[in-house]
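Everything below belongs to coords-v6.pdb, which stores PDB, C-alpha atoms, pLDDT in the B column.
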```
ATOM      1  CA  MET M   1     -69.876 -98.774 -10.417  1.00 90.00           C
ATOM      2  CA  TYR M   2     -70.284-100.529 -13.706  1.00 93.00           C
ATOM      3  CA  PHE M   3     -70.207 -99.787 -17.424  1.00 96.00           C
ATOM      4  CA  LYS M   4     -73.275 -99.582 -19.621  1.00 95.00           C
ATOM      5  CA  THR M   5     -73.414 -99.099 -23.387  1.00 97.00           C
ATOM      6  CA  ILE M   6     -75.902 -96.356 -24.234  1.00 95.00           C
ATOM      7  CA  ASP M   7     -77.119 -95.731 -27.786  1.00 96.00           C
ATOM      8  CA  PHE M   8     -77.603 -91.961 -27.892  1.00 95.00           C
ATOM      9  CA  SER M   9     -79.607 -92.199 -31.122  1.00 94.00           C
ATOM     10  CA  LYS M  10     -82.301 -93.788 -28.946  1.00 93.00           C
ATOM     11  CA  PHE M  11     -81.526 -92.411 -25.461  1.00 92.00           C
ATOM     12  CA  SER M  12     -81.038 -88.691 -26.099  1.00 92.00           C
ATOM     13  CA  SER M  13     -84.081 -86.475 -26.630  1.00 90.00           C
ATOM     14  CA  ILE M  14     -82.717 -85.248 -29.971  1.00 93.00           C
ATOM     15  CA  LYS M  15     -82.155 -88.888 -31.094  1.00 93.00           C
ATOM     16  CA  VAL M  16     -78.637 -88.188 -32.374  1.00 95.00           C
ATOM     17  CA  GLY M  17     -75.529 -90.215 -31.581  1.00 93.00           C
ATOM     18  CA  VAL M  18     -73.966 -93.650 -31.516  1.00 95.00           C
ATOM     19  CA  PRO M  19     -73.562 -96.413 -28.890  1.00 96.00           C
ATOM     20  CA  ILE M  20     -71.051 -95.262 -26.233  1.00 96.00           C
ATOM     21  CA  GLU M  21     -69.796 -96.960 -23.067  1.00 96.00           C
ATOM     22  CA  VAL M  22     -70.810 -94.918 -20.003  1.00 96.00           C
ATOM     23  CA  LEU M  23     -69.672 -95.449 -16.414  1.00 96.00           C
ATOM     24  CA  MET M  24     -72.675 -95.817 -14.065  1.00 96.00           C
ATOM     25  CA  LEU M  25     -72.170 -94.537 -10.499  1.00 94.00           C
ATOM     26  CA  GLU M  26     -73.752 -96.309  -7.527  1.00 93.00           C
ATOM     27  CA  ARG M  27     -74.196 -95.247  -3.897  1.00 88.00           C
ATOM     28  CA  ASN M  28     -70.908 -94.927  -1.977  1.00 87.00           C
ATOM     29  CA  ASP M  29     -68.776 -95.069  -5.128  1.00 90.00           C
ATOM     30  CA  GLU M  30     -65.758 -92.772  -5.249  1.00 89.00           C
ATOM     31  CA  ILE M  31     -66.572 -90.269  -7.985  1.00 89.00           C
ATOM     32  CA  PRO M  32     -63.922 -90.162 -10.744  1.00 91.00           C
ATOM     33  CA  ASN M  33     -62.506 -86.753 -11.648  1.00 87.00           C
ATOM     34  CA  ASP M  34     -61.540 -87.696 -15.203  1.00 91.00           C
ATOM     35  CA  ARG M  35     -65.049 -88.175 -16.616  1.00 93.00           C
ATOM     36  CA  THR M  36     -67.870 -85.861 -17.701  1.00 93.00           C
ATOM     37  CA  ILE M  37     -71.158 -86.317 -15.854  1.00 92.00           C
ATOM     38  CA  ILE M  38     -74.344 -86.395 -17.924  1.00 92.00           C
ATOM     39  CA  GLY M  39     -78.005 -86.673 -17.009  1.00 87.00           C
ATOM     40  CA  HIS M  40     -80.862 -88.079 -19.069  1.00 87.00           C
ATOM     41  CA  ALA M  41     -79.526 -86.420 -22.253  1.00 87.00           C
ATOM     42  CA  ASN M  42     -82.417 -84.004 -22.765  1.00 85.00           C
ATOM     43  CA  ASN M  43     -80.277 -80.980 -23.642  1.00 87.00           C
ATOM     44  CA  LEU M  44     -77.325 -82.951 -24.953  1.00 90.00           C
ATOM     45  CA  LEU M  45     -75.797 -83.375 -28.409  1.00 95.00           C
ATOM     46  CA  VAL M  46     -73.223 -86.170 -28.280  1.00 95.00           C
ATOM     47  CA  SER M  47     -70.596 -86.712 -30.974  1.00 95.00           C
ATOM     48  CA  ALA M  48     -69.058 -90.068 -31.880  1.00 93.00           C
ATOM     49  CA  THR M  49     -65.932 -89.075 -29.896  1.00 94.00           C
ATOM     50  CA  PRO M  50     -67.065 -87.452 -26.640  1.00 95.00           C
ATOM     51  CA  PRO M  51     -64.881 -87.254 -23.529  1.00 95.00           C
ATOM     52  CA  PRO M  52     -65.216 -90.232 -21.132  1.00 96.00           C
ATOM     53  CA  LEU M  53     -68.760 -90.130 -19.734  1.00 96.00           C
ATOM     54  CA  MET M  54     -70.461 -91.117 -16.486  1.00 95.00           C
ATOM     55  CA  MET M  55     -74.030 -91.119 -15.177  1.00 94.00           C
ATOM     56  CA  LEU M  56     -75.798 -91.613 -11.880  1.00 95.00           C
ATOM     57  CA  SER M  57     -77.459 -95.015 -11.630  1.00 94.00           C
ATOM     58  CA  LYS M  58     -80.985 -95.625 -10.331  1.00 93.00           C
ATOM     59  CA  ASP M  59     -79.470 -95.627  -6.823  1.00 93.00           C
ATOM     60  CA  PHE M  60     -79.841 -91.853  -7.042  1.00 95.00           C
ATOM     61  CA  SER M  61     -83.496 -91.884  -8.084  1.00 95.00           C
ATOM     62  CA  PHE M  62     -85.398 -91.320  -4.837  1.00 95.00           C
ATOM     63  CA  ILE M  63     -87.602 -88.842  -2.971  1.00 95.00           C
ATOM     64  CA  GLU M  64     -87.575 -88.581   0.839  1.00 94.00           C
ATOM     65  CA  LEU M  65     -89.794 -86.235   2.863  1.00 91.00           C
ATOM     66  CA  GLU M  66     -88.988 -85.837   6.546  1.00 88.00           C
ATOM     67  CA  ASP M  67     -90.500 -83.056   8.651  1.00 83.00           C
ATOM     68  CA  ASN M  68     -90.250 -80.003   6.372  1.00 86.00           C
ATOM     69  CA  ILE M  69     -87.164 -81.121   4.445  1.00 90.00           C
ATOM     70  CA  LEU M  70     -87.500 -82.766   1.013  1.00 93.00           C
ATOM     71  CA  THR M  71     -84.447 -84.654  -0.273  1.00 95.00           C
ATOM     72  CA  ILE M  72     -84.386 -85.800  -3.893  1.00 95.00           C
ATOM     73  CA  GLY M  73     -81.739 -87.845  -5.707  1.00 95.00           C
ATOM     74  CA  CYS M  74     -80.317 -86.256  -8.839  1.00 94.00           C
ATOM     75  CA  ALA M  75     -81.245 -89.218 -11.067  1.00 94.00           C
ATOM     76  CA  THR M  76     -84.932 -88.751 -10.219  1.00 94.00           C
ATOM     77  CA  PRO M  77     -87.050 -88.001 -13.328  1.00 92.00           C
ATOM     78  CA  THR M  78     -88.842 -84.654 -13.334  1.00 89.00           C
ATOM     79  CA  GLY M  79     -92.203 -86.353 -13.943  1.00 89.00           C
ATOM     80  CA  LYS M  80     -91.806 -88.359 -10.733  1.00 93.00           C
ATOM     81  CA  ILE M  81     -91.006 -85.159  -8.808  1.00 93.00           C
ATOM     82  CA  LEU M  82     -94.063 -83.375 -10.197  1.00 90.00           C
ATOM     83  CA  SER M  83     -96.326 -86.304  -9.274  1.00 91.00           C
ATOM     84  CA  PHE M  84     -94.927 -86.350  -5.733  1.00 94.00           C
ATOM     85  CA  ALA M  85     -95.447 -82.592  -5.357  1.00 92.00           C
ATOM     86  CA  LYS M  86     -99.061 -82.889  -6.529  1.00 91.00           C
ATOM     87  CA  LYS M  87     -99.807 -85.831  -4.238  1.00 93.00           C
ATOM     88  CA  ASN M  88     -98.266 -84.129  -1.197  1.00 92.00           C
ATOM     89  CA  ASP M  89     -99.542 -80.607  -1.977  1.00 92.00           C
ATOM     90  CA  LEU M  90     -96.037 -79.095  -2.236  1.00 91.00           C
ATOM     91  CA  ALA M  91     -95.719 -75.590  -3.696  1.00 90.00           C
ATOM     92  CA  GLY M  92     -93.000 -74.409  -6.047  1.00 87.00           C
ATOM     93  CA  PHE M  93     -92.665 -77.416  -8.333  1.00 89.00           C
ATOM     94  CA  GLU M  94     -95.408 -76.503 -10.813  1.00 85.00           C
ATOM     95  CA  PHE M  95     -92.942 -75.171 -13.403  1.00 83.00           C
ATOM     96  CA  ILE M  96     -91.262 -78.531 -13.988  1.00 85.00           C
ATOM     97  CA  ALA M  97     -94.318 -79.805 -15.865  1.00 82.00           C
ATOM     98  CA  LYS M  98     -93.191 -80.449 -19.439  1.00 72.00           C
ATOM     99  CA  LEU M  99     -89.524 -80.039 -18.453  1.00 76.00           C
ATOM    100  CA  PRO M 100     -88.008 -83.415 -19.374  1.00 76.00           C
ATOM    101  CA  GLY M 101     -85.024 -85.169 -17.860  1.00 81.00           C
ATOM    102  CA  SER M 102     -83.725 -85.615 -14.341  1.00 89.00           C
ATOM    103  CA  LEU M 103     -83.170 -83.336 -11.358  1.00 93.00           C
ATOM    104  CA  GLY M 104     -79.410 -83.403 -11.892  1.00 90.00           C
ATOM    105  CA  GLY M 105     -79.776 -82.045 -15.398  1.00 86.00           C
ATOM    106  CA  MET M 106     -82.117 -79.345 -14.130  1.00 88.00           C
ATOM    107  CA  ILE M 107     -79.726 -78.033 -11.507  1.00 91.00           C
ATOM    108  CA  ALA M 108     -76.708 -78.241 -13.832  1.00 88.00           C
ATOM    109  CA  MET M 109     -78.354 -75.673 -16.120  1.00 85.00           C
ATOM    110  CA  ASN M 110     -80.662 -74.001 -13.582  1.00 89.00           C
ATOM    111  CA  ALA M 111     -83.585 -75.057 -15.749  1.00 81.00           C
ATOM    112  CA  GLY M 112     -86.863 -73.207 -15.636  1.00 76.00           C
ATOM    113  CA  VAL M 113     -89.758 -71.518 -17.356  1.00 77.00           C
ATOM    114  CA  LYS M 114     -89.868 -67.715 -17.428  1.00 75.00           C
ATOM    115  CA  VAL M 115     -89.153 -66.462 -13.861  1.00 76.00           C
ATOM    116  CA  TYR M 116     -89.495 -69.937 -12.338  1.00 81.00           C
ATOM    117  CA  GLU M 117     -86.119 -71.674 -11.925  1.00 87.00           C
ATOM    118  CA  ILE M 118     -84.948 -74.662  -9.899  1.00 89.00           C
ATOM    119  CA  PHE M 119     -82.489 -72.583  -7.856  1.00 91.00           C
ATOM    120  CA  ASN M 120     -85.391 -70.447  -6.643  1.00 89.00           C
ATOM    121  CA  ILE M 121     -86.716 -73.331  -4.560  1.00 89.00           C
ATOM    122  CA  LEU M 122     -83.717 -75.474  -3.574  1.00 93.00           C
ATOM    123  CA  GLU M 123     -81.736 -75.005  -0.337  1.00 92.00           C
ATOM    124  CA  GLU M 124     -78.564 -77.029  -0.766  1.00 95.00           C
ATOM    125  CA  ILE M 125     -76.912 -79.568  -3.047  1.00 96.00           C
ATOM    126  CA  LYS M 126     -74.716 -82.552  -2.200  1.00 95.00           C
ATOM    127  CA  ILE M 127     -71.654 -82.135  -4.431  1.00 93.00           C
ATOM    128  CA  ASP M 128     -68.855 -84.711  -4.375  1.00 91.00           C
ATOM    129  CA  GLY M 129     -70.261 -86.002  -1.099  1.00 89.00           C
ATOM    130  CA  VAL M 130     -70.469 -82.623   0.676  1.00 92.00           C
ATOM    131  CA  TRP M 131     -73.616 -80.566   1.275  1.00 96.00           C
ATOM    132  CA  VAL M 132     -73.198 -77.067  -0.220  1.00 95.00           C
ATOM    133  CA  SER M 133     -75.611 -74.179   0.367  1.00 94.00           C
ATOM    134  CA  LYS M 134     -76.938 -72.524  -2.798  1.00 91.00           C
ATOM    135  CA  GLU M 135     -75.533 -69.219  -1.499  1.00 93.00           C
ATOM    136  CA  ASP M 136     -72.069 -70.699  -2.035  1.00 94.00           C
ATOM    137  CA  ILE M 137     -72.776 -71.678  -5.660  1.00 94.00           C
ATOM    138  CA  GLU M 138     -72.495 -69.275  -8.592  1.00 93.00           C
ATOM    139  CA  TYR M 139     -75.654 -69.581 -10.685  1.00 91.00           C
ATOM    140  CA  GLY M 140     -77.865 -67.552 -12.993  1.00 87.00           C
ATOM    141  CA  TYR M 141     -79.898 -67.745 -16.184  1.00 84.00           C
ATOM    142  CA  ARG M 142     -79.457 -71.299 -17.490  1.00 82.00           C
ATOM    143  CA  PHE M 143     -76.170 -71.982 -15.717  1.00 85.00           C
ATOM    144  CA  ALA M 144     -74.826 -73.216 -12.393  1.00 89.00           C
ATOM    145  CA  LYS M 145     -71.154 -73.680 -11.549  1.00 91.00           C
ATOM    146  CA  LEU M 146     -71.418 -76.754  -9.355  1.00 90.00           C
ATOM    147  CA  GLY M 147     -67.697 -77.542  -9.334  1.00 88.00           C
ATOM    148  CA  GLY M 148     -68.286 -81.273  -9.030  1.00 91.00           C
ATOM    149  CA  VAL M 149     -70.870 -84.051  -9.296  1.00 92.00           C
ATOM    150  CA  ALA M 150     -74.246 -83.362  -7.685  1.00 93.00           C
ATOM    151  CA  THR M 151     -75.977 -86.429  -6.256  1.00 94.00           C
ATOM    152  CA  GLU M 152     -78.778 -85.102  -4.002  1.00 94.00           C
ATOM    153  CA  VAL M 153     -80.735 -81.874  -3.481  1.00 95.00           C
ATOM    154  CA  ARG M 154     -82.593 -80.560  -0.434  1.00 95.00           C
ATOM    155  CA  PHE M 155     -85.657 -78.339  -0.598  1.00 92.00           C
ATOM    156  CA  LYS M 156     -87.533 -76.574   2.188  1.00 84.00           C
ATOM    157  CA  VAL M 157     -91.141 -77.677   1.963  1.00 88.00           C
ATOM    158  CA  GLN M 158     -93.980 -75.222   1.453  1.00 87.00           C
ATOM    159  CA  LYS M 159     -97.579 -76.367   1.145  1.00 90.00           C
ATOM    160  CA  GLY M 160     -99.992 -75.306  -1.569  1.00 87.00           C
ATOM    161  CA  PHE M 161     -99.502 -76.900  -4.999  1.00 84.00           C
ATOM    162  CA  ASP M 162    -101.032 -74.407  -7.476  1.00 82.00           C
ATOM    163  CA  LYS M 163    -102.999 -76.233 -10.191  1.00 83.00           C
ATOM    164  CA  VAL M 164    -103.940 -72.963 -11.917  1.00 82.00           C
ATOM    165  CA  LEU M 165    -100.271 -71.986 -12.226  1.00 79.00           C
ATOM    166  CA  LEU M 166     -99.516 -75.498 -13.458  1.00 79.00           C
ATOM    167  CA  GLN M 167    -101.938 -75.110 -16.370  1.00 81.00           C
ATOM    168  CA  GLU M 168    -100.629 -71.632 -17.176  1.00 79.00           C
ATOM    169  CA  LEU M 169     -97.063 -72.896 -17.411  1.00 73.00           C
ATOM    170  CA  ILE M 170     -98.062 -75.909 -19.490  1.00 73.00           C
ATOM    171  CA  SER M 171     -99.781 -73.571 -21.970  1.00 71.00           C
ATOM    172  CA  VAL M 172     -96.651 -71.385 -22.148  1.00 67.00           C
ATOM    173  CA  ARG M 173     -94.763 -74.385 -23.530  1.00 63.00           C
ATOM    174  CA  SER M 174     -97.504 -75.416 -25.972  1.00 62.00           C
ATOM    175  CA  ASN M 175     -95.764 -73.671 -28.894  1.00 67.00           C
ATOM    176  CA  GLN M 176     -92.841 -76.087 -28.798  1.00 73.00           C
ATOM    177  CA  PRO M 177     -92.328 -78.746 -31.475  1.00 74.00           C
ATOM    178  CA  LYS M 178     -93.478 -82.244 -30.626  1.00 78.00           C
ATOM    179  CA  ILE M 179     -90.764 -84.139 -32.515  1.00 88.00           C
ATOM    180  CA  ALA M 180     -87.266 -85.040 -31.325  1.00 86.00           C
ATOM    181  CA  SER M 181     -85.162 -82.092 -30.156  1.00 88.00           C
ATOM    182  CA  ALA M 182     -82.793 -81.089 -27.368  1.00 83.00           C
ATOM    183  CA  GLY M 183     -85.048 -78.245 -26.248  1.00 82.00           C
ATOM    184  CA  SER M 184     -83.947 -74.658 -26.791  1.00 86.00           C
ATOM    185  CA  ALA M 185     -80.716 -74.678 -28.787  1.00 91.00           C
ATOM    186  CA  PHE M 186     -79.570 -71.248 -27.587  1.00 94.00           C
ATOM    187  CA  LYS M 187     -80.020 -69.125 -24.478  1.00 90.00           C
ATOM    188  CA  ASN M 188     -82.029 -65.961 -25.024  1.00 91.00           C
ATOM    189  CA  PRO M 189     -79.650 -62.986 -25.216  1.00 92.00           C
ATOM    190  CA  GLU M 190     -80.460 -60.166 -22.829  1.00 88.00           C
ATOM    191  CA  GLY M 191     -83.474 -58.216 -24.036  1.00 88.00           C
ATOM    192  CA  ASP M 192     -84.161 -60.458 -27.023  1.00 92.00           C
ATOM    193  CA  TYR M 193     -85.119 -63.976 -28.081  1.00 92.00           C
ATOM    194  CA  ALA M 194     -82.888 -66.486 -29.848  1.00 93.00           C
ATOM    195  CA  GLY M 195     -85.854 -67.788 -31.843  1.00 91.00           C
ATOM    196  CA  ARG M 196     -86.621 -64.305 -33.195  1.00 94.00           C
ATOM    197  CA  LEU M 197     -82.996 -63.775 -34.228  1.00 96.00           C
ATOM    198  CA  ILE M 198     -82.785 -67.156 -35.986  1.00 96.00           C
ATOM    199  CA  GLN M 199     -86.009 -66.372 -37.831  1.00 94.00           C
ATOM    200  CA  GLU M 200     -84.777 -62.884 -38.774  1.00 95.00           C
ATOM    201  CA  VAL M 201     -81.681 -64.316 -40.475  1.00 95.00           C
ATOM    202  CA  GLY M 202     -83.866 -66.608 -42.562  1.00 94.00           C
ATOM    203  CA  LEU M 203     -83.106 -69.939 -40.914  1.00 95.00           C
ATOM    204  CA  LYS M 204     -86.539 -70.923 -39.571  1.00 94.00           C
ATOM    205  CA  GLY M 205     -87.439 -74.160 -41.356  1.00 92.00           C
ATOM    206  CA  VAL M 206     -83.979 -74.534 -42.909  1.00 93.00           C
ATOM    207  CA  SER M 207     -82.651 -78.088 -42.858  1.00 93.00           C
ATOM    208  CA  ARG M 208     -79.537 -80.115 -43.508  1.00 94.00           C
ATOM    209  CA  GLY M 209     -80.043 -83.828 -43.838  1.00 94.00           C
ATOM    210  CA  ALA M 210     -82.716 -84.848 -41.336  1.00 95.00           C
ATOM    211  CA  MET M 211     -81.914 -81.947 -38.992  1.00 95.00           C
ATOM    212  CA  GLN M 212     -83.962 -78.738 -39.204  1.00 94.00           C
ATOM    213  CA  TRP M 213     -84.533 -75.412 -37.481  1.00 95.00           C
ATOM    214  CA  SER M 214     -88.133 -76.029 -36.514  1.00 92.00           C
ATOM    215  CA  GLU M 215     -90.955 -74.360 -38.411  1.00 90.00           C
ATOM    216  CA  VAL M 216     -92.902 -74.293 -35.116  1.00 88.00           C
ATOM    217  CA  HIS M 217     -90.251 -72.536 -32.991  1.00 88.00           C
ATOM    218  CA  ALA M 218     -87.028 -71.344 -34.644  1.00 90.00           C
ATOM    219  CA  ASN M 219     -84.842 -71.920 -31.551  1.00 93.00           C
ATOM    220  CA  PHE M 220     -85.553 -75.660 -31.617  1.00 91.00           C
ATOM    221  CA  LEU M 221     -83.273 -77.890 -33.671  1.00 93.00           C
ATOM    222  CA  VAL M 222     -85.379 -80.936 -34.552  1.00 94.00           C
ATOM    223  CA  ASN M 223     -84.581 -84.355 -35.932  1.00 95.00           C
ATOM    224  CA  HIS M 224     -86.801 -85.855 -38.629  1.00 94.00           C
ATOM    225  CA  ASN M 225     -85.398 -89.368 -38.043  1.00 91.00           C
ATOM    226  CA  GLY M 226     -81.793 -90.273 -38.757  1.00 91.00           C
ATOM    227  CA  GLY M 227     -80.203 -86.886 -38.105  1.00 93.00           C
ATOM    228  CA  THR M 228     -76.443 -86.810 -37.544  1.00 95.00           C
ATOM    229  CA  PHE M 229     -74.184 -84.919 -35.162  1.00 95.00           C
ATOM    230  CA  GLU M 230     -72.381 -83.324 -38.096  1.00 96.00           C
ATOM    231  CA  ASP M 231     -75.604 -81.920 -39.603  1.00 95.00           C
ATOM    232  CA  ALA M 232     -76.799 -80.671 -36.217  1.00 95.00           C
ATOM    233  CA  LYS M 233     -73.468 -78.952 -35.519  1.00 96.00           C
ATOM    234  CA  TYR M 234     -73.496 -77.394 -39.007  1.00 96.00           C
ATOM    235  CA  LEU M 235     -76.895 -75.783 -38.393  1.00 96.00           C
ATOM    236  CA  ILE M 236     -75.893 -74.563 -34.915  1.00 96.00           C
ATOM    237  CA  ASP M 237     -72.731 -72.944 -36.282  1.00 96.00           C
ATOM    238  CA  LEU M 238     -74.657 -71.491 -39.231  1.00 96.00           C
ATOM    239  CA  ALA M 239     -77.150 -69.824 -36.896  1.00 96.00           C
ATOM    240  CA  LYS M 240     -74.397 -68.397 -34.699  1.00 96.00           C
ATOM    241  CA  ASN M 241     -72.552 -66.990 -37.706  1.00 97.00           C
ATOM    242  CA  ARG M 242     -75.634 -65.510 -39.399  1.00 96.00           C
ATOM    243  CA  VAL M 243     -76.897 -63.862 -36.202  1.00 96.00           C
ATOM    244  CA  PHE M 244     -73.488 -62.386 -35.419  1.00 97.00           C
ATOM    245  CA  GLU M 245     -73.066 -61.059 -38.960  1.00 95.00           C
ATOM    246  CA  LYS M 246     -76.475 -59.350 -38.970  1.00 95.00           C
ATOM    247  CA  PHE M 247     -76.908 -58.275 -35.345  1.00 94.00           C
ATOM    248  CA  GLY M 248     -73.444 -58.467 -33.749  1.00 95.00           C
ATOM    249  CA  ILE M 249     -74.919 -60.817 -31.110  1.00 95.00           C
ATOM    250  CA  VAL M 250     -73.045 -63.923 -30.027  1.00 95.00           C
ATOM    251  CA  LEU M 251     -75.577 -66.675 -29.406  1.00 95.00           C
ATOM    252  CA  GLU M 252     -74.615 -68.974 -26.529  1.00 93.00           C
ATOM    253  CA  GLU M 253     -75.630 -72.615 -26.735  1.00 93.00           C
ATOM    254  CA  GLU M 254     -78.127 -73.895 -24.199  1.00 90.00           C
ATOM    255  CA  VAL M 255     -77.723 -77.401 -25.609  1.00 90.00           C
ATOM    256  CA  LYS M 256     -74.537 -79.020 -24.321  1.00 93.00           C
ATOM    257  CA  ILE M 257     -72.277 -80.358 -27.071  1.00 94.00           C
ATOM    258  CA  LEU M 258     -69.865 -83.190 -26.256  1.00 94.00           C
TER     259      LEU M 258
END
```

I'd like the structure from this file rewritten - as C-alpha cells, please.
Amino acid sequence: MYFKTIDFSKFSSIKVGVPIEVLMLERNDEIPNDRTIIGHANNLLVSATPPPLMMLSKDFSFIELEDNILTIGCATPTGKILSFAKKNDLAGFEFIAKLPGSLGGMIAMNAGVKVYEIFNILEEIKIDGVWVSKEDIEYGYRFAKLGGVATEVRFKVQKGFDKVLLQELISVRSNQPKIASAGSAFKNPEGDYAGRLIQEVGLKGVSRGAMQWSEVHANFLVNHNGGTFEDAKYLIDLAKNRVFEKFGIVLEEEVKIL
C-alpha cells in the first residue's frame, strides 16, 4: 500500500473538492478497518475534511474469463467492462453503457438503469478476502450493505450481447446534463421522481455560486466550473427542506457526501 494525493476538484465527476491524501491498496495488502473506501468518485461529494480515505489501486483493475465464470476486479472501469462484454458476446452488461466509474462503485450502490441493476447479474463478491454469495448480502434500489471492502466480483456468463437493448438504454440517459455532476443527487422516492419534486418546489435551474440544479434534469446538481462543497451542500439541503415542506417526502441522497 502507498499514499497518493488526489485533487478531487479534478478527479471527482462533479469537480468539487481539494487535494487529499488517499491510501492506495495493492494485492495482498491487509485492508484497514479505520478508513472509508471510495471508488472513482462518480457519485461522491468530498468535503475538505473527510474521514480517512482509501482506494483500490490498478492491481484490482482486471477481467478474467475462465469456462463460464467471469471475474472482474473492483477497480475496473465500466467502459472496459462494456468493451469486453461486446467483444466476447456476453449478455447482461448492456445497461452499464453511460454509467461512469468503476465496478466497485457500481456494486456499492447497486447501480443501474430502470430495471437493470448490477446485482441482477452478479453471483458473488469477494469482501475482505472472502467470497460472499449475493444471497447473503442485503441489497435493493441503489444500495448494498457489503459490510466490508469489495475487491473482486464473479458473474455467470451468458452469451448474446444485445446491441438493440444497448441503444435503447443509451437513449434513456440522453436527457442528462453533459457538464460536471455526480449523477442523480437523490434516489427516486417510491412512486415518484426526485427530479419532478425538485422542479415542483421551484428549484430547477436555481444556483448558488457555480453550483446549480440543472435546467436539463432537475435531479442533477451541476458544476459550472469552480463550484464548492459548501454551495453544493447548501443546494442539497435546500431541496430536501423544500420537498419535505411541500410534499412531506424525505429525499434520500444518492450522491455520497464525505

Select, counting all atoms listed in the file, all protein, DNA and RNA residues no farther than 7 Å from (-84.8, -83.9, -16.5) in file coordinates, and express the selection as number ranges by chain. M: 40, 42, 77-78, 99-103, 105-106

Can you spit out the residues from that selection as a PDB file, keeping the file's coordinate frame, using C-alpha atoms?
```
ATOM      1  CA  HIS M  40     -80.862 -88.079 -19.069  1.00 87.00           C
ATOM      2  CA  ASN M  42     -82.417 -84.004 -22.765  1.00 85.00           C
ATOM      3  CA  PRO M  77     -87.050 -88.001 -13.328  1.00 92.00           C
ATOM      4  CA  THR M  78     -88.842 -84.654 -13.334  1.00 89.00           C
ATOM      5  CA  LEU M  99     -89.524 -80.039 -18.453  1.00 76.00           C
ATOM      6  CA  PRO M 100     -88.008 -83.415 -19.374  1.00 76.00           C
ATOM      7  CA  GLY M 101     -85.024 -85.169 -17.860  1.00 81.00           C
ATOM      8  CA  SER M 102     -83.725 -85.615 -14.341  1.00 89.00           C
ATOM      9  CA  LEU M 103     -83.170 -83.336 -11.358  1.00 93.00           C
ATOM     10  CA  GLY M 105     -79.776 -82.045 -15.398  1.00 86.00           C
ATOM     11  CA  MET M 106     -82.117 -79.345 -14.130  1.00 88.00           C
TER      12      MET M 106
END
```

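Among the candidate residues M:Glu94, M:Glu230, M:Glu138, M:Glu152, the one lying nearest to M:Ser47 is M:Glu230, with distances computed using all atoms listed in the file.
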
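Atom CA of M:Met109 is positioned 19.4 Å from atom CA of M:Phe11.
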
Hey, what's within 12 Å of M:Lys10 if we count only C-alpha atoms and toss same-chain stuff fewer than 5 positions away? As a PyMOL selection string, please? chain M and resi 5+15-20+40-42+46+180+223+225-227

Here is a test: counting only C-alpha atoms, which residue of M:Glu215, M:Glu168, M:Asp67, M:Asp59 is nearest to M:Ile198? M:Glu215

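The shell of residues at most 6 Å from M:Gly160, with all atoms listed in the file counted and near chain neighbours (fewer than 6 positions) removed, consists of Asp89, Leu90 and Ala91 of chain M.
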
Stretch 171-195 of chain M near stretch 240-256 of chain M within 8 Å: what's each residue's closest atom pair and its distance in Å to one decimal, counting all atoms listed in the file, ordered by chain then ascending residue number, as JSON lines?
```
{"residue": "M:Ala182", "atom": "CA", "partner": "M:Val255", "partner_atom": "CA", "distance": 6.5}
{"residue": "M:Gly183", "atom": "CA", "partner": "M:Val255", "partner_atom": "CA", "distance": 7.4}
{"residue": "M:Ser184", "atom": "CA", "partner": "M:Glu254", "partner_atom": "CA", "distance": 6.4}
{"residue": "M:Ala185", "atom": "CA", "partner": "M:Val255", "partner_atom": "CA", "distance": 5.1}
{"residue": "M:Phe186", "atom": "CA", "partner": "M:Glu253", "partner_atom": "CA", "distance": 4.3}
{"residue": "M:Lys187", "atom": "CA", "partner": "M:Glu254", "partner_atom": "CA", "distance": 5.1}
{"residue": "M:Asn188", "atom": "CA", "partner": "M:Leu251", "partner_atom": "CA", "distance": 7.8}
{"residue": "M:Pro189", "atom": "CA", "partner": "M:Leu251", "partner_atom": "CA", "distance": 6.9}
{"residue": "M:Ala194", "atom": "CA", "partner": "M:Leu251", "partner_atom": "CA", "distance": 7.3}
```

Using the chain letters and numbers from this file, what does the PyMOL selection byres ((chain M and resi 203-206) around 9) select? Give the answer as a short mmCIF file (atom, residue, chain, number, x, y, z; two decimals) with C-alpha atoms, keeping the file's coordinate frame.
```
data_model
loop_
_atom_site.label_atom_id
_atom_site.label_comp_id
_atom_site.auth_asym_id
_atom_site.auth_seq_id
_atom_site.Cartn_x
_atom_site.Cartn_y
_atom_site.Cartn_z
CA GLY M 195 -85.85 -67.79 -31.84
CA ILE M 198 -82.78 -67.16 -35.99
CA GLN M 199 -86.01 -66.37 -37.83
CA GLU M 200 -84.78 -62.88 -38.77
CA VAL M 201 -81.68 -64.32 -40.48
CA GLY M 202 -83.87 -66.61 -42.56
CA SER M 207 -82.65 -78.09 -42.86
CA ARG M 208 -79.54 -80.11 -43.51
CA MET M 211 -81.91 -81.95 -38.99
CA GLN M 212 -83.96 -78.74 -39.20
CA TRP M 213 -84.53 -75.41 -37.48
CA SER M 214 -88.13 -76.03 -36.51
CA GLU M 215 -90.96 -74.36 -38.41
CA VAL M 216 -92.90 -74.29 -35.12
CA HIS M 217 -90.25 -72.54 -32.99
CA ALA M 218 -87.03 -71.34 -34.64
CA ASN M 219 -84.84 -71.92 -31.55
CA LEU M 235 -76.90 -75.78 -38.39
CA LEU M 238 -74.66 -71.49 -39.23
CA ALA M 239 -77.15 -69.82 -36.90
CA ARG M 242 -75.63 -65.51 -39.40
#
```

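Rounded to one decimal, atom CA of M:Gln167 and atom CA of M:Arg196 lie 25.2 Å from each other.
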
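Using only C-alpha atoms, the nearest neighbour of M:Met54 within the list M:Tyr2, M:Asn28, M:Leu70, M:Phe119 is M:Tyr2.
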
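Atom CA of M:Ile96 is positioned 7.9 Å from atom CA of M:Val113.
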
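Using all atoms listed in the file, the smallest distance between any of M:Val222, M:Ala210, M:Val149, M:Leu82 and M:Gln176 comes from M:Val222.
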
Polymer residues at most 8 Å from (-85.8, -89.2, -5.9) by only C-alpha atoms, as a PyMOL selection string: chain M and resi 60-64+71-77+80-81

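Taking all atoms listed in the file into account, M:Gly92 lies nearest to M:Asp162 out of the set M:Glu135, M:Glu123, M:Asp162, M:Asp7.
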
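Within the 10 Å cut-off around M:Asn120, using all atoms listed in the file and omitting residues fewer than 6 positions from it on the same chain, the listed residues are Gly92, Asn110, Gly112, Lys134 and Phe155 of chain M.
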
Output file for the residues above (C-alpha atoms, as a CSV table (one decimal), in the frame of the given file):
```
chain,number,residue,atom,x,y,z
M,92,GLY,CA,-93.0,-74.4,-6.0
M,110,ASN,CA,-80.7,-74.0,-13.6
M,112,GLY,CA,-86.9,-73.2,-15.6
M,134,LYS,CA,-76.9,-72.5,-2.8
M,155,PHE,CA,-85.7,-78.3,-0.6
```
